[in-house]
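Encoded as structure tokens, the structure appears first; notes follow it.
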Protein chains: 2
Amino acid sequence: MPLETSTCNHLDISHIRSSCATCSLRELCLPVGLNEQEIQTLGDVVSHKCKIQRGGTLYRAGSKFQSLFAIRRGFLKTCILEQDGRQQVTGFHMTGELLGLDAISTEIHTCDAIALEDSEVCEIPFEKLEEISRAIPSLMRHFHKIMSREIVRDHGVMLLLGSMKAEERLATFLLNLSRRFLMRGYSECNFNLRMTREEIGSYLGLKLETVSRAFSKLQDENIIRVDNKHIQINDITRLRMKMGNTTCDT
Amino acid sequence: MPLETSTCNHLDISHIRSSCATCSLRELCLPVGLNEQEIQTLGDVVSHKCKIQRGGTLYRAGSKFQSLFAIRRGFLKTCILEQDGRQQVTGFHMTGELLGLDAISTEIHTCDAIALEDSEVCEIPFEKLEEISRAIPSLMRHFHKIMSREIVRDHGVMLLLGSMKAEERLATFLLNLSRRFLMRGYSECNFNLRMTREEIGSYLGLKLETVSRAFSKLQDENIIRVDNKHIQINDITRLRMKMGNTTCDT
DNA sequence: TACCAGCTTTGATTCAAATCAACCGGAGTA
DNA sequence: TACTCCGGTTGATTTGAATCAAAGCTGGTA
């Protein structure tokens, strides 16, 4: 159960009501299950927002880590830059997700975070997050779950990279995106890719030509419709079957 | 599949609170930078030890998560079992490492943890760990670093699976083992593998025959000496060169 | 002691993806 | 308009790893 099940945050925070000062928090992954006052406390910490233009950098590998970033809107990739110039994409990230977890370990960012469309993030100073999570156990627990979920997600990607064929990988990838769009209230069958074939390939351990061919193949079989960056899923059941015998739902 | 006989029973933790248990903490990954009293506090929580025989199971995918496990001695693998019977190894773990982080997210274990040699672990009830880490900020910080390090490690594996050739993967793997043995006071150039070629292959995204061939190739080039499970590194510099230009602490 | 099951090596062949190469089409612009 | 750059597609060829197949070891045990 690779990408499909494992990834990303339950964004079900609709039950949370909050004042305007903290309303940005609503979209975030953190304040699940907090009460008014706790949200206020958290809000004091994450009030600083910032915008990143398409192509812009949120942080770079090697830079000092001080804060996590919660994506308020937009779409980013994280990638490791290799010496020879090629880059390996380690993840694509969308609204509600938390960036920078990998940097806690050494307090140095281990990858670049680059916006694939105009985006907006909230900065969350990590020291402060730890501080208030001491006072709010449910926040601490939730933070731990987010970190853990990231590990599970990575295991899913490892499974994909270690044992799936090109077409299975692409199907898995599309279904994962689809599900994440759905969770955010967008169509699960009609969406635009924000990344290039090369970036998809990098993430999936494939060359861009192979990605392109896999797209064409799925289109020939009438499972999806591809128009450049626009994807339409015609037959999600057959797409799931393409993913292989890995159980896709949970 | 070996069953419950050798499985660690981690349900009753009530008994055993020995000063000896506290001593054992020193070998663990957690109590870094704590004072005497804090170590004592932590010791109260992790006093329950258990042994797992070679081939035995510490926990299984699907089982309820309650505790993390710190390895006191031995060698374990974690793996995801796929429907078709094949398994993907997600990691090899040795003394001082912490198991079960992936299960925090859903409170269900997502993989099996199986001993590759007779091992001993300390059970760390997660609720209690969170509790005392509220009181000991440095412990909390350290725990977060451990989780983050796991994410970084997984990214390293993703890089390996996504972009390295068989020989590079094996070289990276051997160097990683070598470094971990060294850190634990063993020879970095002379060690025994605890896992089969198939398990190595599963971890590295290769078939066992490919692993075997890669071993033979490295031996032919006089970089290593292979005698079944025993590995001797003759020329660690050239082995590093084989890894490619990726700096990798995976 | 011999036997057997599981692990490992090695060779021959096949196959999936990488590589090499050509071309298409849209966006920006000179 | 024509030009160029960039991203994408498609075809031909090569190549690295998987697969298929056969033996060789090793360690446990009957």
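Ordering of the structure tokens sets the chain letters (A, B, ...); residue numbers start at 1 within each chain; ligands are numbered from 1 in the order shown.
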
Can you tell me, as JSON, numbers by chain, what residues are no more than 9 Å from Thr210 in chain B when counting only C-alpha atoms (C1' of nucleotides), ignoring any on the same chain fewer than 6 positions away? {"B": [166, 167, 201], "D": [17, 18]}

Atoms kept (N, CA and C atoms (P, O5', C5', C4', C3', O3' and C1' of nucleotides)) for selection, written as a short mmCIF file (atom, residue, chain, number, x, y, z; two decimals), in the first residue's frame:
```cif
data_model
loop_
_atom_site.label_atom_id
_atom_site.label_comp_id
_atom_site.auth_asym_id
_atom_site.auth_seq_id
_atom_site.Cartn_x
_atom_site.Cartn_y
_atom_site.Cartn_z
N ALA B 166 22.92 -1.38 -9.56
CA ALA B 166 23.04 -2.48 -8.60
C ALA B 166 24.33 -2.39 -7.78
N GLU B 167 25.45 -2.20 -8.48
CA GLU B 167 26.73 -2.21 -7.79
C GLU B 167 26.86 -1.03 -6.82
N GLY B 201 18.61 -8.04 -1.20
CA GLY B 201 17.99 -7.67 -2.47
C GLY B 201 16.66 -6.94 -2.27
P DA D 17 22.14 -2.80 -12.92
"O5'" DA D 17 20.94 -3.81 -12.74
"C5'" DA D 17 19.61 -3.31 -12.89
"C4'" DA D 17 18.64 -4.43 -13.12
"C3'" DA D 17 18.72 -5.56 -12.10
"O3'" DA D 17 17.42 -5.73 -11.58
"C1'" DA D 17 18.71 -6.43 -14.31
P DA D 18 16.93 -6.91 -10.67
"O5'" DA D 18 16.04 -7.77 -11.68
"C5'" DA D 18 14.94 -7.15 -12.32
"C4'" DA D 18 14.15 -8.16 -13.11
"C3'" DA D 18 13.73 -9.40 -12.34
"O3'" DA D 18 12.41 -9.75 -12.75
"C1'" DA D 18 15.15 -10.04 -14.13
#
```

Any idea which chain A residues end up within 6 Å of chain B if we count only C-alpha atoms, as a count of residues only please? 14

Using only C-alpha atoms (C1' of nucleotides), I'd like every residue of chain D that has an atom within 8 Å of chain A; please write them out as a PyMOL selection string. chain D and resi 7-9

Writer output for current selection, C-alpha atoms (C1' of nucleotides), as a compact mmCIF listing (two decimals), in the first residue's frame:
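File out_38.txt, as written:
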```txt
# COMPACT_ATOMS: atom_id res chain seq x y z
C1' DG D 7 8.63 20.56 -22.35
C1' DG D 8 6.62 16.67 -24.30
C1' DT D 9 6.10 12.65 -27.52
```

Check: which chain C residues lie within 10 Å of chain A using only C-alpha atoms (C1' of nucleotides), as a ChimeraX atom specification: /C:16-19

Among the residues of range 85-201 of chain A, find those DSSP assigns to alpha helix (DSSP H) from the backbone and print them as a short mmCIF file (atom, residue, chain, number, x, y, z; two decimals) with N, CA and C atoms, in the first residue's frame.
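To be explicit, this is the file written out as states16.cif:
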```cif
data_model
loop_
_atom_site.label_atom_id
_atom_site.label_comp_id
_atom_site.auth_asym_id
_atom_site.auth_seq_id
_atom_site.Cartn_x
_atom_site.Cartn_y
_atom_site.Cartn_z
N PHE A 126 10.33 26.04 15.43
CA PHE A 126 10.27 24.69 16.00
C PHE A 126 10.40 24.70 17.52
N GLU A 127 11.29 25.55 18.03
CA GLU A 127 11.46 25.64 19.48
C GLU A 127 10.13 25.94 20.15
N LYS A 128 9.43 26.88 19.56
CA LYS A 128 8.15 27.27 20.16
C LYS A 128 7.12 26.16 20.05
N LEU A 129 7.16 25.46 18.94
CA LEU A 129 6.22 24.35 18.79
C LEU A 129 6.46 23.31 19.88
N GLU A 130 7.72 23.02 20.12
CA GLU A 130 8.03 22.04 21.17
C GLU A 130 7.56 22.56 22.52
N GLU A 131 7.80 23.84 22.72
CA GLU A 131 7.42 24.46 23.98
C GLU A 131 5.92 24.31 24.25
N ILE A 132 5.13 24.75 23.29
CA ILE A 132 3.69 24.70 23.57
C ILE A 132 3.16 23.27 23.52
N SER A 133 3.85 22.41 22.81
CA SER A 133 3.34 21.05 22.77
C SER A 133 3.58 20.37 24.14
N ARG A 134 4.45 20.95 24.95
CA ARG A 134 4.59 20.46 26.32
C ARG A 134 3.33 20.77 27.10
N ALA A 135 2.73 21.90 26.78
CA ALA A 135 1.54 22.32 27.51
C ALA A 135 0.27 21.68 26.94
N PRO A 137 -0.75 18.33 25.37
CA PRO A 137 -0.39 16.95 25.00
C PRO A 137 -1.00 16.49 23.69
N SER A 138 -2.22 16.91 23.42
CA SER A 138 -2.85 16.42 22.19
C SER A 138 -2.13 17.00 20.96
N LEU A 139 -1.58 18.19 21.13
CA LEU A 139 -0.80 18.76 20.03
C LEU A 139 0.49 17.97 19.84
N MET A 140 1.12 17.64 20.95
CA MET A 140 2.34 16.85 20.86
C MET A 140 2.05 15.52 20.18
N ARG A 141 1.01 14.87 20.63
CA ARG A 141 0.65 13.60 20.03
C ARG A 141 0.41 13.75 18.53
N HIS A 142 -0.30 14.80 18.20
CA HIS A 142 -0.60 14.99 16.79
C HIS A 142 0.66 15.24 15.97
N PHE A 143 1.54 16.00 16.53
CA PHE A 143 2.81 16.24 15.85
C PHE A 143 3.58 14.94 15.64
N HIS A 144 3.59 14.12 16.65
CA HIS A 144 4.27 12.82 16.51
C HIS A 144 3.62 11.98 15.42
N LYS A 145 2.31 12.08 15.35
CA LYS A 145 1.63 11.31 14.31
C LYS A 145 2.01 11.81 12.91
N ILE A 146 2.14 13.10 12.81
CA ILE A 146 2.53 13.66 11.50
C ILE A 146 3.91 13.18 11.09
N MET A 147 4.83 13.19 12.04
CA MET A 147 6.18 12.71 11.73
C MET A 147 6.14 11.24 11.35
N SER A 148 5.39 10.50 12.12
CA SER A 148 5.28 9.07 11.87
C SER A 148 4.67 8.80 10.50
N ARG A 149 3.68 9.60 10.16
CA ARG A 149 3.02 9.43 8.87
C ARG A 149 3.98 9.67 7.72
N GLU A 150 4.88 10.61 7.94
CA GLU A 150 5.91 10.87 6.94
C GLU A 150 6.80 9.64 6.75
N ILE A 151 7.10 8.98 7.83
CA ILE A 151 7.91 7.76 7.74
C ILE A 151 7.15 6.68 6.98
N VAL A 152 5.88 6.53 7.30
CA VAL A 152 5.06 5.54 6.60
C VAL A 152 4.99 5.87 5.10
N ARG A 153 4.81 7.14 4.81
CA ARG A 153 4.77 7.57 3.41
C ARG A 153 6.05 7.19 2.69
N ASP A 154 7.17 7.46 3.34
CA ASP A 154 8.46 7.15 2.73
C ASP A 154 8.61 5.65 2.51
N HIS A 155 8.12 4.87 3.45
CA HIS A 155 8.16 3.41 3.26
C HIS A 155 7.36 3.01 2.03
N GLY A 156 6.24 3.69 1.85
CA GLY A 156 5.43 3.43 0.67
C GLY A 156 6.19 3.73 -0.60
N VAL A 157 6.90 4.83 -0.61
CA VAL A 157 7.69 5.17 -1.78
C VAL A 157 8.82 4.17 -1.99
N MET A 158 9.40 3.72 -0.89
CA MET A 158 10.46 2.71 -1.01
C MET A 158 9.92 1.44 -1.65
N LEU A 159 8.74 1.07 -1.24
CA LEU A 159 8.09 -0.11 -1.81
C LEU A 159 7.89 0.08 -3.31
N LEU A 160 7.39 1.24 -3.65
CA LEU A 160 7.16 1.56 -5.05
C LEU A 160 8.46 1.50 -5.85
N LEU A 161 9.47 2.16 -5.33
CA LEU A 161 10.74 2.21 -6.06
C LEU A 161 11.42 0.85 -6.10
N GLY A 162 11.19 0.07 -5.05
CA GLY A 162 11.91 -1.19 -4.96
C GLY A 162 11.27 -2.31 -5.74
N SER A 163 9.98 -2.20 -6.03
CA SER A 163 9.36 -3.40 -6.58
C SER A 163 8.32 -3.19 -7.67
N ALA A 166 7.22 0.49 -14.21
CA ALA A 166 6.96 1.88 -14.57
C ALA A 166 5.47 2.23 -14.53
N GLU A 167 4.69 1.39 -15.18
CA GLU A 167 3.27 1.71 -15.28
C GLU A 167 2.59 1.66 -13.91
N GLU A 168 2.97 0.69 -13.11
CA GLU A 168 2.42 0.60 -11.76
C GLU A 168 2.78 1.83 -10.94
N ARG A 169 4.01 2.27 -11.12
CA ARG A 169 4.44 3.45 -10.37
C ARG A 169 3.61 4.66 -10.74
N LEU A 170 3.42 4.85 -12.03
CA LEU A 170 2.67 6.02 -12.47
C LEU A 170 1.21 5.94 -12.00
N ALA A 171 0.63 4.76 -12.10
CA ALA A 171 -0.75 4.59 -11.64
C ALA A 171 -0.85 4.93 -10.16
N THR A 172 0.07 4.41 -9.39
CA THR A 172 0.09 4.68 -7.96
C THR A 172 0.21 6.17 -7.68
N PHE A 173 1.09 6.80 -8.42
CA PHE A 173 1.32 8.24 -8.27
C PHE A 173 0.05 9.04 -8.58
N LEU A 174 -0.60 8.70 -9.68
CA LEU A 174 -1.81 9.42 -10.07
C LEU A 174 -2.93 9.22 -9.05
N LEU A 175 -3.06 7.99 -8.57
CA LEU A 175 -4.10 7.72 -7.58
C LEU A 175 -3.84 8.46 -6.28
N ASN A 176 -2.57 8.56 -5.96
CA ASN A 176 -2.22 9.31 -4.76
C ASN A 176 -2.58 10.78 -4.89
N LEU A 177 -2.22 11.36 -6.02
CA LEU A 177 -2.59 12.76 -6.27
C LEU A 177 -4.09 12.92 -6.23
N SER A 178 -4.75 12.02 -6.94
CA SER A 178 -6.20 12.06 -7.03
C SER A 178 -6.85 12.11 -5.65
N ARG A 179 -6.37 11.23 -4.80
CA ARG A 179 -6.94 11.15 -3.46
C ARG A 179 -6.69 12.43 -2.66
N ARG A 180 -5.50 12.96 -2.85
CA ARG A 180 -5.18 14.17 -2.11
C ARG A 180 -5.98 15.36 -2.61
N PHE A 181 -6.22 15.41 -3.90
CA PHE A 181 -7.07 16.48 -4.42
C PHE A 181 -8.49 16.33 -3.85
N LEU A 182 -8.96 15.10 -3.89
CA LEU A 182 -10.30 14.83 -3.38
C LEU A 182 -10.45 15.29 -1.93
N MET A 183 -9.47 14.93 -1.12
CA MET A 183 -9.51 15.31 0.28
C MET A 183 -9.56 16.82 0.48
N ARG A 197 7.33 16.23 -16.50
CA ARG A 197 7.55 14.79 -16.62
C ARG A 197 8.87 14.39 -15.97
N GLU A 198 9.82 15.28 -16.09
CA GLU A 198 11.13 14.99 -15.52
C GLU A 198 11.05 14.91 -13.99
N GLU A 199 10.27 15.81 -13.40
CA GLU A 199 10.13 15.79 -11.94
C GLU A 199 9.37 14.56 -11.47
N ILE A 200 8.35 14.20 -12.23
CA ILE A 200 7.63 12.97 -11.90
C ILE A 200 8.59 11.79 -11.98
N GLY A 201 9.36 11.77 -13.06
CA GLY A 201 10.31 10.69 -13.25
C GLY A 201 11.31 10.61 -12.11
#
```

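Once chain B has been superposed on chain A by least squares across all Cα atoms, the two differ by an RMSD of 7.4 Å.
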
Between B:Gln232, B:Asn190, B:Gln40, B:Thr78, which has the minimum distance to Leu116 in chain B (counting only C-alpha atoms)?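 Distance minimum relative to Leu116 in chain B lands on B:Thr78.
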
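In the backbone-derived DSSP annotation, strand (DSSP E) within range 78-149 of chain A comprises Thr78, Cys79, Ile80, Leu81, Gln87, Gln88, Val89, Thr90, Gly91, Phe92, His93, Met94, Leu98, Leu99, Asp112, Ala113, Ile114, Ala115, Leu116, Glu117, Asp118, Ser119, Glu120, Val121, Cys122, Glu123, Ile124 and Pro125 of chain A.
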
Env of DA30 in chain D: 12 Å cut, atoms = only C-alpha atoms (C1' of nucleotides), seq-sep filter 5 positions within chain, self excluded. Answer as a PyMOL selection string. chain C and resi 1-4

Would you export the selected residues with C-alpha atoms (C1' of nucleotides) as a PDB file, in the first residue's frame, please?
```
ATOM      1  C1'  DT C   1      27.573 -40.600   8.391  1.00  0.00           C
ATOM      2  C1'  DA C   2      24.582 -39.318   5.110  1.00  0.00           C
ATOM      3  C1'  DC C   3      20.886 -36.621   3.776  1.00  0.00           C
ATOM      4  C1'  DC C   4      18.133 -32.684   3.004  1.00  0.00           C
TER       5       DC C   4
END
```

Point-to-point distance from CA of Ile233 in chain B to CA of Ser187 in chain B, Å rounded to tenths: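 Those two atoms sit 10.1 Å apart.
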
Residues at most 12 Å from DA27 in chain C, counting only C-alpha atoms (C1' of nucleotides), excluding those fewer than 2 positions away in the same chain, as an MDAnalysis selection string? (chainID C and resid 25 29) or (chainID D and resid 4:7)

Polymer residues at most 12 Å from DA21 in chain C, only C-alpha atoms (C1' of nucleotides), same-chain spacing of 3 or more positions, as a PyMOL selection string: chain D and resi 10-13
